[in-house]
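Undergrad: You'll find model11.cif just under this line, and it carries mmCIF, C-alpha atoms and all ligand atoms.
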```cif
data_entry
loop_
_atom_site.label_atom_id
_atom_site.label_comp_id
_atom_site.auth_asym_id
_atom_site.auth_seq_id
_atom_site.Cartn_x
_atom_site.Cartn_y
_atom_site.Cartn_z
CA MET A 123 -6.55 -27.34 9.81
CA SER A 124 -5.82 -23.65 9.19
CA ALA A 125 -2.30 -22.50 8.59
CA ARG A 126 -0.92 -20.30 11.36
CA ILE A 127 1.02 -17.07 11.29
CA ILE A 128 3.51 -16.80 14.12
CA LEU A 129 4.23 -13.17 14.97
CA ALA A 130 7.79 -12.15 15.70
CA ARG A 131 8.53 -11.55 19.36
CA GLY A 132 7.74 -7.94 20.29
CA LYS A 133 5.65 -7.37 17.13
CA GLU A 134 2.29 -8.32 18.65
CA THR A 135 1.39 -4.90 20.04
CA PRO A 136 -0.77 -3.75 17.09
CA GLN A 137 -2.92 -6.89 17.35
CA PHE A 138 -3.12 -6.59 21.16
CA ARG A 139 -4.61 -3.16 20.37
CA ARG A 140 -6.98 -4.69 17.78
CA HIS A 141 -5.26 -3.19 14.77
CA PRO A 142 -6.39 -5.01 11.61
CA TRP A 143 -3.05 -5.09 9.76
CA VAL A 144 -0.17 -7.53 10.20
CA PHE A 145 2.84 -6.15 8.35
CA ALA A 146 5.38 -8.39 6.63
CA ASN A 147 8.10 -7.57 9.16
CA ALA A 148 5.85 -8.71 12.02
CA VAL A 149 5.49 -12.24 10.65
CA GLU A 150 8.15 -14.62 11.89
CA HIS A 151 6.83 -17.51 9.85
CA LEU A 152 3.81 -19.26 8.42
CA ASN A 153 3.14 -22.76 9.77
CA GLY A 154 1.39 -24.81 7.13
CA ARG A 155 0.36 -23.80 3.62
CA ALA A 156 -1.86 -20.93 2.62
CA ARG A 157 -2.80 -19.39 -0.71
CA PRO A 158 -3.66 -15.69 -1.16
CA GLY A 159 -6.90 -14.91 0.66
CA ASP A 160 -6.93 -18.08 2.76
CA THR A 161 -7.89 -17.75 6.40
CA VAL A 162 -5.03 -18.21 8.82
CA LEU A 163 -4.79 -18.21 12.61
CA VAL A 164 -2.65 -15.43 14.08
CA GLU A 165 -0.52 -16.43 17.05
CA THR A 166 2.01 -14.80 19.30
CA HIS A 167 5.49 -16.18 19.56
CA ASP A 168 4.51 -18.08 22.71
CA GLY A 169 1.44 -19.73 21.22
CA ARG A 170 -1.40 -17.39 22.22
CA VAL A 171 -4.04 -17.24 19.46
CA LEU A 172 -5.02 -13.62 18.72
CA GLY A 173 -7.60 -14.21 16.01
CA ARG A 174 -8.05 -15.02 12.35
CA ALA A 175 -6.85 -13.15 9.30
CA ALA A 176 -6.74 -13.26 5.52
CA TRP A 177 -3.29 -14.21 4.21
CA SER A 178 -1.86 -11.97 1.53
CA PRO A 179 1.65 -13.15 0.66
CA ASN A 180 2.23 -10.56 -2.08
CA SER A 181 1.45 -7.49 0.01
CA GLN A 182 3.43 -5.57 2.61
CA ILE A 183 0.24 -5.92 4.64
CA ARG A 184 0.81 -9.65 4.94
CA ALA A 185 -2.46 -10.39 6.70
CA ARG A 186 -5.67 -8.51 7.53
CA MET A 187 -7.53 -9.49 10.67
CA TRP A 188 -11.06 -10.76 10.18
CA THR A 189 -11.69 -11.28 13.87
CA PHE A 190 -10.02 -11.06 17.27
CA ASP A 191 -12.21 -13.92 18.49
CA ALA A 192 -10.22 -17.12 17.92
CA ASP A 193 -13.45 -19.14 17.94
CA GLU A 194 -15.22 -17.16 15.21
CA THR A 195 -15.34 -19.09 11.93
CA ILE A 196 -14.83 -17.27 8.65
CA ASP A 197 -17.58 -18.55 6.37
CA ASP A 198 -20.63 -17.30 4.45
CA ALA A 199 -22.44 -16.60 7.71
CA PHE A 200 -19.56 -14.36 8.89
CA PHE A 201 -20.00 -12.11 5.84
CA LYS A 202 -23.77 -12.06 6.30
CA ARG A 203 -23.29 -10.90 9.90
CA ARG A 204 -20.67 -8.27 9.19
CA ILE A 205 -22.48 -6.81 6.18
CA ALA A 206 -25.84 -6.79 7.96
CA ALA A 207 -24.18 -4.98 10.88
CA ALA A 208 -22.59 -2.36 8.60
CA VAL A 209 -25.94 -1.67 6.93
CA ALA A 210 -27.73 -1.56 10.31
CA ARG A 211 -25.26 1.01 11.70
CA ARG A 212 -26.16 3.33 8.84
CA VAL A 213 -29.89 2.73 9.06
CA ALA A 214 -29.68 3.69 12.74
CA LEU A 215 -28.30 7.16 11.94
CA PRO A 216 -31.01 9.66 11.02
CA THR A 217 -28.47 11.84 9.15
CA LEU A 218 -27.82 8.98 6.75
CA THR A 219 -31.30 7.65 6.16
CA GLY A 220 -32.92 8.72 2.95
CA GLN A 221 -29.58 9.27 1.17
CA ASP A 222 -29.45 7.98 -2.40
CA GLY A 223 -25.67 7.94 -2.39
CA LEU A 224 -24.22 6.22 0.66
CA ARG A 225 -21.16 4.16 1.57
CA LEU A 226 -22.51 0.93 3.03
CA VAL A 227 -19.21 -0.75 3.83
CA HIS A 228 -16.02 1.16 4.61
CA GLY A 229 -13.36 -1.53 4.75
CA GLU A 230 -11.42 -2.03 7.97
CA ALA A 231 -13.66 0.34 9.93
CA ASP A 232 -16.62 -1.95 9.25
CA GLY A 233 -14.66 -5.09 10.11
CA LEU A 234 -14.29 -6.09 6.46
CA PRO A 235 -10.71 -5.26 5.46
CA GLY A 236 -10.38 -4.25 1.82
CA LEU A 237 -14.12 -4.14 1.07
CA ILE A 238 -15.80 -0.96 -0.16
CA VAL A 239 -19.48 -0.91 -1.05
CA ASP A 240 -21.17 2.28 -2.25
CA ARG A 241 -24.87 2.54 -2.95
CA TYR A 242 -26.16 4.77 -5.73
CA GLY A 243 -29.93 4.38 -5.73
CA ASP A 244 -30.66 0.72 -6.40
CA THR A 245 -27.15 -0.01 -7.71
CA LEU A 246 -24.28 -1.10 -5.48
CA VAL A 247 -20.69 -0.59 -6.57
CA VAL A 248 -18.31 -3.04 -4.93
CA ALA A 249 -14.53 -2.81 -4.67
CA LEU A 250 -12.65 -5.89 -3.48
CA ASN A 251 -9.28 -4.36 -2.68
CA ALA A 252 -7.53 -7.16 -0.79
CA ALA A 253 -6.84 -10.87 -1.23
CA GLY A 254 -9.26 -11.89 1.55
CA VAL A 255 -12.36 -10.15 0.25
CA ASP A 256 -11.40 -11.13 -3.31
CA LYS A 257 -11.56 -14.77 -2.31
CA TRP A 258 -14.93 -14.36 -0.59
CA ARG A 259 -16.56 -12.46 -3.47
CA ASP A 260 -19.51 -14.87 -3.87
CA ALA A 261 -20.29 -14.81 -0.16
CA ILE A 262 -20.08 -11.00 -0.18
CA VAL A 263 -22.39 -10.67 -3.19
CA GLY A 264 -24.89 -13.03 -1.54
CA ALA A 265 -24.75 -11.12 1.75
CA LEU A 266 -25.21 -7.75 0.01
CA LEU A 267 -28.26 -8.98 -1.86
CA ARG A 268 -29.70 -10.23 1.43
CA SER A 269 -29.03 -7.06 3.42
CA THR A 270 -30.07 -4.46 0.86
CA ALA A 271 -32.82 -3.98 -1.68
CA ALA A 272 -30.26 -3.48 -4.46
CA ALA A 273 -31.29 -4.50 -7.96
CA HIS A 274 -27.80 -4.31 -9.49
CA LEU A 275 -24.23 -4.89 -8.36
CA TYR A 276 -21.20 -3.67 -10.28
CA GLU A 277 -17.58 -4.47 -9.47
CA ARG A 278 -14.93 -1.71 -9.52
CA SER A 279 -11.91 -3.58 -8.17
CA ASP A 280 -9.42 -1.35 -10.00
CA SER A 281 -7.79 0.66 -7.21
CA ASP A 282 -4.09 1.13 -6.54
CA ALA A 283 -4.58 -0.72 -3.26
CA ARG A 284 -5.49 -3.84 -5.21
CA ARG A 285 -2.33 -3.62 -7.26
CA LEU A 286 -0.32 -3.48 -4.03
CA GLU A 287 -1.97 -6.78 -3.07
CA GLY A 288 -0.68 -8.29 -6.30
CA LEU A 289 -4.20 -8.68 -7.69
CA GLU A 290 -5.28 -7.96 -11.26
CA PRO A 291 -8.01 -5.33 -11.75
CA ARG A 292 -11.53 -6.70 -12.10
CA VAL A 293 -14.47 -4.66 -13.28
CA GLY A 294 -17.91 -5.59 -14.55
CA PRO A 295 -21.41 -6.56 -13.52
CA LEU A 296 -21.77 -8.89 -10.52
CA HIS A 297 -25.56 -9.04 -10.45
CA GLY A 298 -28.47 -7.69 -12.49
CA GLU A 299 -27.85 -5.23 -15.30
CA PRO A 300 -26.13 -2.23 -13.75
CA PRO A 301 -26.61 0.97 -15.75
CA ALA A 302 -23.31 2.68 -16.73
CA THR A 303 -24.50 5.96 -15.29
CA THR A 304 -27.03 6.61 -12.63
CA VAL A 305 -28.57 9.76 -11.15
CA ILE A 306 -28.60 10.37 -7.41
CA SER A 307 -30.15 13.15 -5.39
CA GLU A 308 -27.90 14.80 -2.80
CA HIS A 309 -29.53 17.42 -0.57
CA GLY A 310 -32.14 17.78 -3.31
CA VAL A 311 -29.61 18.30 -6.12
CA ARG A 312 -29.53 15.74 -8.93
CA LEU A 313 -26.11 14.41 -9.90
CA THR A 314 -25.04 11.93 -12.55
CA VAL A 315 -22.66 9.22 -11.37
CA ASP A 316 -20.61 7.25 -13.87
CA ILE A 317 -20.05 3.96 -12.08
CA VAL A 318 -17.99 2.48 -14.93
CA ASN A 319 -15.49 5.26 -15.65
CA GLY A 320 -15.83 7.67 -12.73
CA HIS A 321 -13.21 8.08 -10.00
CA LYS A 322 -13.27 5.60 -7.11
CA THR A 323 -16.70 3.95 -7.37
CA GLY A 324 -18.01 6.89 -9.40
CA PHE A 325 -18.42 9.71 -6.89
CA TYR A 326 -16.80 11.26 -3.78
CA LEU A 327 -19.45 10.29 -1.26
CA ASP A 328 -17.13 11.24 1.61
CA GLN A 329 -17.74 14.95 0.99
CA ARG A 330 -21.56 14.78 1.28
CA ASP A 331 -21.80 16.68 4.60
CA ASN A 332 -19.26 19.26 3.47
CA ARG A 333 -21.19 19.89 0.28
CA ARG A 334 -24.22 20.59 2.50
CA LEU A 335 -22.14 23.10 4.45
CA THR A 336 -21.10 24.76 1.18
CA ARG A 337 -24.71 25.15 0.25
CA ASP A 338 -25.47 26.78 3.60
CA LEU A 339 -22.56 29.22 3.21
CA SER A 340 -23.05 30.24 -0.41
CA ALA A 341 -25.88 32.79 -0.45
CA GLY A 342 -24.82 35.91 -2.33
CA ARG A 343 -21.20 34.79 -2.55
CA ARG A 344 -18.85 34.57 -5.47
CA VAL A 345 -17.51 31.01 -5.28
CA LEU A 346 -14.35 29.42 -6.70
CA ASN A 347 -14.46 25.60 -6.66
CA CYS A 348 -11.04 24.11 -7.39
CA PHE A 349 -10.69 20.41 -8.30
CA CYS A 350 -14.45 20.33 -8.91
CA TYR A 351 -14.65 16.82 -10.48
CA THR A 352 -18.34 16.34 -11.47
CA GLY A 353 -19.43 19.55 -9.78
CA GLY A 354 -20.82 18.29 -6.46
CA PHE A 355 -19.75 21.39 -4.51
CA SER A 356 -20.54 23.71 -7.44
CA LEU A 357 -24.15 22.60 -7.74
CA GLN A 358 -24.69 22.89 -3.99
CA ALA A 359 -23.25 26.41 -4.09
CA LEU A 360 -25.74 27.32 -6.84
CA ALA A 361 -28.55 25.70 -4.84
CA GLY A 362 -27.50 27.82 -1.86
CA GLY A 363 -27.86 31.03 -3.87
CA ALA A 364 -24.28 31.78 -4.91
CA ARG A 365 -23.98 34.89 -7.08
CA ALA A 366 -21.47 33.16 -9.36
CA VAL A 367 -19.57 29.86 -9.29
CA LEU A 368 -16.32 29.30 -11.18
CA SER A 369 -15.39 25.60 -11.21
CA VAL A 370 -12.02 24.22 -12.28
CA ASP A 371 -10.78 20.73 -13.07
CA SER A 372 -8.24 19.24 -15.47
CA SER A 373 -10.54 16.37 -16.46
CA ALA A 374 -12.71 17.16 -19.49
CA PRO A 375 -15.07 14.17 -18.92
CA ALA A 376 -15.63 15.27 -15.30
CA LEU A 377 -16.52 18.80 -16.45
CA GLU A 378 -18.90 17.40 -19.07
CA ALA A 379 -20.59 15.28 -16.42
CA ALA A 380 -20.86 18.35 -14.18
CA GLN A 381 -22.61 20.33 -16.88
CA ALA A 382 -24.90 17.41 -17.68
CA SER A 383 -25.87 17.26 -14.00
CA LEU A 384 -26.54 20.99 -13.93
CA GLY A 385 -28.92 20.45 -16.87
CA LEU A 386 -30.90 17.99 -14.74
CA ASN A 387 -31.67 20.65 -12.14
CA ALA A 388 -34.24 23.04 -13.57
CA GLY A 389 -34.21 25.12 -10.38
CA LEU A 390 -30.51 26.05 -10.67
CA ASP A 391 -29.44 29.12 -12.62
CA ALA A 392 -26.90 27.79 -15.13
CA SER A 393 -25.99 31.33 -16.20
CA ARG A 394 -24.24 31.77 -12.83
CA ALA A 395 -21.93 28.80 -13.49
CA GLN A 396 -18.64 28.90 -15.35
CA TRP A 397 -16.49 25.83 -16.00
CA ARG A 398 -12.76 25.85 -16.73
CA ASP A 399 -10.68 22.93 -17.99
CA ALA A 400 -7.36 23.99 -16.46
CA ASP A 401 -4.57 23.16 -14.06
CA VAL A 402 -5.51 24.62 -10.68
CA PHE A 403 -1.92 25.59 -9.82
CA GLU A 404 -1.73 27.69 -12.99
CA LEU A 405 -5.25 29.06 -12.93
CA LEU A 406 -4.96 30.33 -9.34
CA ARG A 407 -1.92 32.35 -10.44
CA GLU A 408 -3.77 33.72 -13.47
CA LEU A 409 -6.75 34.72 -11.37
CA LYS A 410 -4.47 36.44 -8.90
CA SER A 411 -2.62 38.44 -11.53
CA ALA A 412 -5.95 39.39 -13.10
CA GLY A 413 -6.99 40.81 -9.70
CA GLU A 414 -9.99 38.47 -9.34
CA GLN A 415 -11.58 38.03 -5.91
CA PHE A 416 -13.93 35.49 -4.38
CA ASP A 417 -15.99 35.23 -1.20
CA LEU A 418 -15.68 31.44 -0.89
CA VAL A 419 -12.81 29.34 -2.19
CA ILE A 420 -12.99 25.52 -2.12
CA LEU A 421 -9.81 23.46 -2.49
CA ASP A 422 -10.40 19.70 -2.68
CA PRO A 423 -7.31 18.37 -4.42
CA PRO A 424 -6.45 14.73 -5.16
CA LYS A 425 -4.27 12.76 -2.78
CA PHE A 426 -0.89 14.54 -2.86
CA ALA A 427 0.65 12.15 -0.28
CA PRO A 428 -0.41 8.49 -0.52
CA SER A 429 1.90 7.71 2.41
CA SER A 430 3.84 9.69 5.01
CA ALA A 431 6.97 9.31 2.85
CA HIS A 432 5.43 11.84 0.46
CA ALA A 433 4.28 14.25 3.16
CA GLU A 434 6.97 16.87 2.67
CA ARG A 435 6.51 17.26 -1.07
CA ALA A 436 2.76 17.20 -0.57
CA GLY A 437 3.20 19.92 2.03
CA ARG A 438 4.70 22.24 -0.58
CA ALA A 439 1.72 21.66 -2.89
CA TYR A 440 -0.83 22.25 -0.08
CA ARG A 441 1.02 25.36 1.00
CA ASP A 442 1.07 26.70 -2.54
CA ILE A 443 -2.62 26.32 -3.36
CA ASN A 444 -3.75 27.45 0.09
CA ARG A 445 -1.60 30.58 -0.10
CA LEU A 446 -3.10 31.45 -3.48
CA GLY A 447 -6.61 30.56 -2.29
CA LEU A 448 -6.30 32.86 0.71
CA GLN A 449 -4.89 35.67 -1.43
CA LEU A 450 -7.89 35.45 -3.75
CA LEU A 451 -10.34 35.93 -0.87
CA THR A 452 -12.11 39.17 -0.06
CA PRO A 453 -11.75 40.25 3.60
CA GLY A 454 -14.26 38.12 5.53
CA GLY A 455 -14.12 35.54 2.77
CA LEU A 456 -14.13 31.81 3.52
CA LEU A 457 -11.68 29.08 2.56
CA MET A 458 -12.84 25.45 2.62
CA THR A 459 -9.72 23.42 2.27
CA TYR A 460 -9.18 19.66 2.30
CA SER A 461 -6.60 16.94 2.24
CA CYS A 462 -7.51 13.34 1.45
CA SER A 463 -3.89 12.21 1.87
CA GLY A 464 -3.53 9.25 4.20
CA GLY A 465 0.09 10.33 4.72
CA VAL A 466 -0.81 13.75 6.16
CA SER A 467 -2.42 13.96 9.61
CA ALA A 468 -5.06 16.56 10.46
CA GLU A 469 -2.57 18.37 12.66
CA ARG A 470 0.08 18.43 9.97
CA PHE A 471 -2.43 19.64 7.41
CA GLN A 472 -3.44 22.51 9.65
CA GLY A 473 0.26 23.35 9.94
CA PHE A 474 0.50 23.57 6.13
CA VAL A 475 -2.52 25.90 6.00
CA ALA A 476 -1.06 28.04 8.80
CA ALA A 477 2.18 28.32 6.83
CA ALA A 478 0.18 29.24 3.74
CA ALA A 479 -1.58 32.07 5.61
CA CYS A 480 1.79 33.28 6.77
CA ASP A 481 3.13 33.18 3.18
CA ALA A 482 0.02 35.06 2.04
CA GLY A 483 0.54 37.68 4.75
CA VAL A 484 -3.03 37.33 6.02
CA ASP A 485 -4.59 36.70 9.42
CA ALA A 486 -7.11 33.90 9.39
CA GLN A 487 -9.03 31.75 11.87
CA VAL A 488 -10.24 28.18 11.82
CA LEU A 489 -14.03 28.18 12.19
CA GLN A 490 -14.60 24.47 11.87
CA HIS A 491 -12.73 21.20 11.46
CA LEU A 492 -14.22 19.08 8.68
CA GLN A 493 -14.18 15.37 7.97
CA ALA A 494 -15.90 12.62 6.02
CA GLY A 495 -19.51 11.71 6.83
CA ALA A 496 -20.65 9.05 9.27
CA ASP A 497 -20.90 6.47 6.50
CA HIS A 498 -17.08 6.61 6.42
CA PRO A 499 -16.35 5.59 10.02
CA VAL A 500 -12.84 5.42 11.49
CA ALA A 501 -11.84 2.40 13.59
CA LEU A 502 -10.58 3.64 16.96
CA ALA A 503 -7.93 0.94 16.71
CA ALA A 504 -6.74 2.27 13.33
CA PRO A 505 -6.92 6.08 13.46
CA GLU A 506 -4.83 6.38 10.28
CA GLY A 507 -8.03 5.39 8.47
CA GLU A 508 -9.14 9.01 8.90
CA TYR A 509 -7.82 10.09 5.50
CA LEU A 510 -10.10 13.08 4.79
CA LYS A 511 -9.57 16.20 6.83
CA GLY A 512 -10.59 19.76 6.15
CA LEU A 513 -10.75 23.25 7.59
CA LEU A 514 -13.22 26.06 7.25
CA VAL A 515 -11.11 29.19 7.56
CA VAL A 516 -12.12 32.85 7.55
CA ARG A 517 -9.77 35.50 6.28
CA ASN A 518 -9.75 38.74 8.24
N1 LIG A 601 -14.51 17.97 -4.94
C1 LIG A 601 -14.86 16.85 -5.77
C2 LIG A 601 -13.81 15.77 -5.74
C3 LIG A 601 -12.43 16.20 -6.18
S1 LIG A 601 -11.36 14.90 -6.64
C4 LIG A 601 -16.23 16.32 -5.37
O1 LIG A 601 -16.80 16.77 -4.37
O2 LIG A 601 -16.76 15.45 -6.07
C5 LIG A 601 -9.98 15.71 -7.30
C6 LIG A 601 -10.14 16.26 -8.69
O3 LIG A 601 -8.97 17.00 -9.01
C7 LIG A 601 -10.31 15.26 -9.83
O4 LIG A 601 -11.51 15.54 -10.51
C8 LIG A 601 -9.11 15.52 -10.77
O5 LIG A 601 -9.47 15.45 -12.14
C9 LIG A 601 -8.73 16.92 -10.40
N2 LIG A 601 -7.32 17.33 -10.60
C10 LIG A 601 -6.21 16.65 -10.22
N3 LIG A 601 -5.11 17.41 -10.43
C11 LIG A 601 -5.54 18.59 -10.94
C12 LIG A 601 -4.90 19.81 -11.33
N4 LIG A 601 -3.57 19.97 -11.21
N5 LIG A 601 -5.66 20.83 -11.79
C13 LIG A 601 -7.00 20.69 -11.89
N6 LIG A 601 -7.66 19.58 -11.51
C14 LIG A 601 -6.95 18.54 -11.04
#
```
Let me see the file written as structure tokens.
TA:
Amino acid sequence: MSARIILARGKETPQFRRHPWVFANAVEHLNGRARPGDTVLVETHDGRVLGRAAWSPNSQIRARMWTFDADETIDDAFFKRRIAAAVARRVALPTLTGQDGLRLVHGEADGLPGLIVDRYGDTLVVALNAAGVDKWRDAIVGALLRSTAAAHLYERSDSDARRLEGLEPRVGPLHGEPPATTVISEHGVRLTVDIVNGHKTGFYLDQRDNRRLTRDLSAGRRVLNCFCYTGGFSLQALAGGARAVLSVDSSAPALEAAQASLGLNAGLDASRAQWRDADVFELLRELKSAGEQFDLVILDPPKFAPSSAHAERAGRAYRDINRLGLQLLTPGGLLMTYSCSGGVSAERFQGFVAAAACDAGVDAQVLQHLQAGADHPVALAAPEGEYLKGLLVVRN
């Protein structure tokens, strides 16, 4: 007999709307006993069963909904179904087929709260970021092996999200003999991915489409790529015929990886690439006082606002770098600017960029709104899952 969560009166609305998270303050009490990750029934105050969830007593997100069908059992077969469906959705999209680097499972949006699975060639990197998926790790590994042709699985359960669940980090091989680094091809450019030490699962797959756009916009341009990490945007700019690409990051290992990747691409002209180990906030100021100018500036900073509580301080940082970025542009130059902060909405971000243009004293227009690729879906019921937002802006 499953334990049951009884929701406080008036706190059922998110689940009526199929939102996957039950917050601590929505739980009136737990009937029965449950350990972290156990499956519990979720009920309204007046006894209506809304579905089943994974119990997570140490997290503010006290339970994550597995299903809104009270009759659906959570067992090995459930994970086989959900993982097969996530893979099938991607196979069905022509824009995603043939990609070496692809997110196969994107947590809540794929009906598997807390589970991230990224594919790099024949290696899958798995992050189990919540108590529920942590408990079902064997079922998940089995289902992934069944649904994909992966030879190796590696676990990277070392995110901040996992800490918030009260779970210890876990990293290491789950199946086969995963190589520490692997090489993927993205739009024909070869890139090394360090699955053991790299950020997230090794690479920022969410920017794949936007790197393609960079390539298409780079011909003949002088490009400044800020927060370049392992050089994904930089190498696409070179592939697109950029005249020169200056790339900046404060991580020496990331810059080394970027240069190693460049060396793998015989067709790219390495003499057009310059790499700087520096703080972007400082370097932008230096470039400005030196009178440097660029035709395309890319700003893809880390998460400045993990939650909306940090939005205001984050706003100052976005406003600062975007002002400087716009000031460094030639007339007609392009700014590609991003925020991956969950705590900043797309509308709010655009407001920060508008304020930055005002500070810079320039007129500018939005040419395109940018987002993560289709392998990073957003659940309609949980729009806050849309963490990555960007703008392509032209300076007059
Ligand atoms: N655009 C990259 C991903 C960027 S992630 C891609 O497509 O792969 C953000 C990067 O910002 C990280 O590599 C991190 O090392 C770097 N970073 C964070 N703070 C920084 C700072 N103040 N100055 C320079 N780089 C910074």
Undergrad: For ligand LIG 601 (chain A), return the neighbouring residues as a PyMOL selection string (distance at most 9 Å; all atoms listed in the file).
TA: chain A and resi 321+325-330+332-333+347-356+370-377+399-405+420-425
Undergrad: List the residues sitting within 10 Å of (-16.9, 27.7, -19.7) in the file's frame, using all atoms listed in the file, as a ChimeraX atom specification.
TA: /A:368-370,377,381,395-399
Undergrad: Output C-alpha atoms for every residue in the selection just made, as a compact mmCIF listing (two decimals), keeping the file's coordinate frame.
TA:
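Final output, part.txt:
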```
# COMPACT_ATOMS: atom_id res chain seq x y z
CA LEU A 368 -16.32 29.30 -11.18
CA SER A 369 -15.39 25.60 -11.21
CA VAL A 370 -12.02 24.22 -12.28
CA LEU A 377 -16.52 18.80 -16.45
CA GLN A 381 -22.61 20.33 -16.88
CA ALA A 395 -21.93 28.80 -13.49
CA GLN A 396 -18.64 28.90 -15.35
CA TRP A 397 -16.49 25.83 -16.00
CA ARG A 398 -12.76 25.85 -16.73
CA ASP A 399 -10.68 22.93 -17.99
```
Undergrad: Looking at all atoms listed in the file, which of A:Leu510, A:Leu360, A:Met187, A:Ala214 is the one that sits closest to A:Arg343?
TA: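 Of A:Leu510, A:Leu360, A:Met187, A:Ala214, the one nearest A:Arg343 is A:Leu360, counting all atoms listed in the file.
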Undergrad: Any idea what's packed within 12 Å of A:Val213, counting only C-alpha atoms, ignoring anything in its chain fewer than 5 positions away? Could you give it as a list of chain:residue names?
TA: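 Non-adjacent residues within range: A:Ala206, A:Ala207, A:Ala208, A:Leu218, A:Thr219, A:Gly220, A:Gln221, A:Leu224, A:Arg225, A:Leu226, A:Ser269, A:Thr270, A:Ala496, A:Asp497.
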Undergrad: How far is it from atom CA of A:Leu346 to atom CA of A:Ala482, in Å with one decimal?
TA: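 It comes out at 17.7 Å.
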Undergrad: Using all atoms listed in the file, which residues sit within 12 Å of A:Gly473 once same-chain residues fewer than 4 positions away are excluded, as an mmCIF file with C-alpha atoms, in the coordinates of the input?
TA:
```cif
data_model
loop_
_atom_site.group_PDB
_atom_site.id
_atom_site.type_symbol
_atom_site.label_atom_id
_atom_site.label_comp_id
_atom_site.auth_asym_id
_atom_site.auth_seq_id
_atom_site.Cartn_x
_atom_site.Cartn_y
_atom_site.Cartn_z
ATOM 1 C CA GLU A 434 6.970 16.870 2.670
ATOM 2 C CA GLY A 437 3.200 19.920 2.030
ATOM 3 C CA ARG A 438 4.700 22.240 -0.580
ATOM 4 C CA TYR A 440 -0.830 22.250 -0.080
ATOM 5 C CA ARG A 441 1.020 25.360 1.000
ATOM 6 C CA ASN A 444 -3.750 27.450 0.090
ATOM 7 C CA VAL A 466 -0.810 13.750 6.160
ATOM 8 C CA SER A 467 -2.420 13.960 9.610
ATOM 9 C CA ALA A 468 -5.060 16.560 10.460
ATOM 10 C CA GLU A 469 -2.570 18.370 12.660
ATOM 11 C CA ALA A 477 2.180 28.320 6.830
ATOM 12 C CA ALA A 478 0.180 29.240 3.740
ATOM 13 C CA ALA A 479 -1.580 32.070 5.610
ATOM 14 C CA CYS A 480 1.790 33.280 6.770
ATOM 15 C CA VAL A 488 -10.240 28.180 11.820
ATOM 16 C CA LEU A 513 -10.750 23.250 7.590
#
```
Undergrad: For A:Val345, list every protein, DNA or RNA residue within 8 Å, evaluated using all atoms listed in the file, and leave out those in the same chain fewer than 2 positions away; present the list as a list in words.
TA: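 Near A:Val345, the qualifying residues are Ser340, Arg343, Asn347, Ala359, Ala364, Arg365, Ala366, Val367, Leu368, Phe416, Asp417, Leu418, Val419 and Ile420 of chain A.
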Undergrad: Which residues are close to A:Gln358, i.e. within 8 Å by all atoms listed in the file, leaving aside same-chain residues fewer than 5 positions away? Reply as a list in words.
TA: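 Here the answer would be Val311, Arg333, Arg334, Thr336 and Arg337 of chain A.
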Undergrad: Build an axis-aligned box that encloses every atom of stretch 301-308 of chain A listed in the file, pad it by 4 Å on each side, and report its centre and edge lengths in Å to one decimal, as lines of an AutoDock Vina configuration file.
TA:
```
center_x = -26.7
center_y = 7.9
center_z = -9.8
size_x = 14.8
size_y = 21.8
size_z = 21.9
```
Undergrad: What is the distance, in Å and to one decimal place, between atom CA of A:Glu508 and atom CA of A:Leu234?
TA: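 Between these atoms lies a distance of 16.1 Å.
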Undergrad: When you look at A:Arg140 with a cut-off of 8 Å (counting only C-alpha atoms), what residues show up, excluding the ones that are within fewer than 4 positions of it in the same chain? I need them as a list in words.
TA: Pro136, Phe190 and Ala503 of chain A
Undergrad: Record the distance separating atom CA of A:Pro453 and atom CA of A:Val516, expressed in Å with one decimal.
TA: 8.4 Å
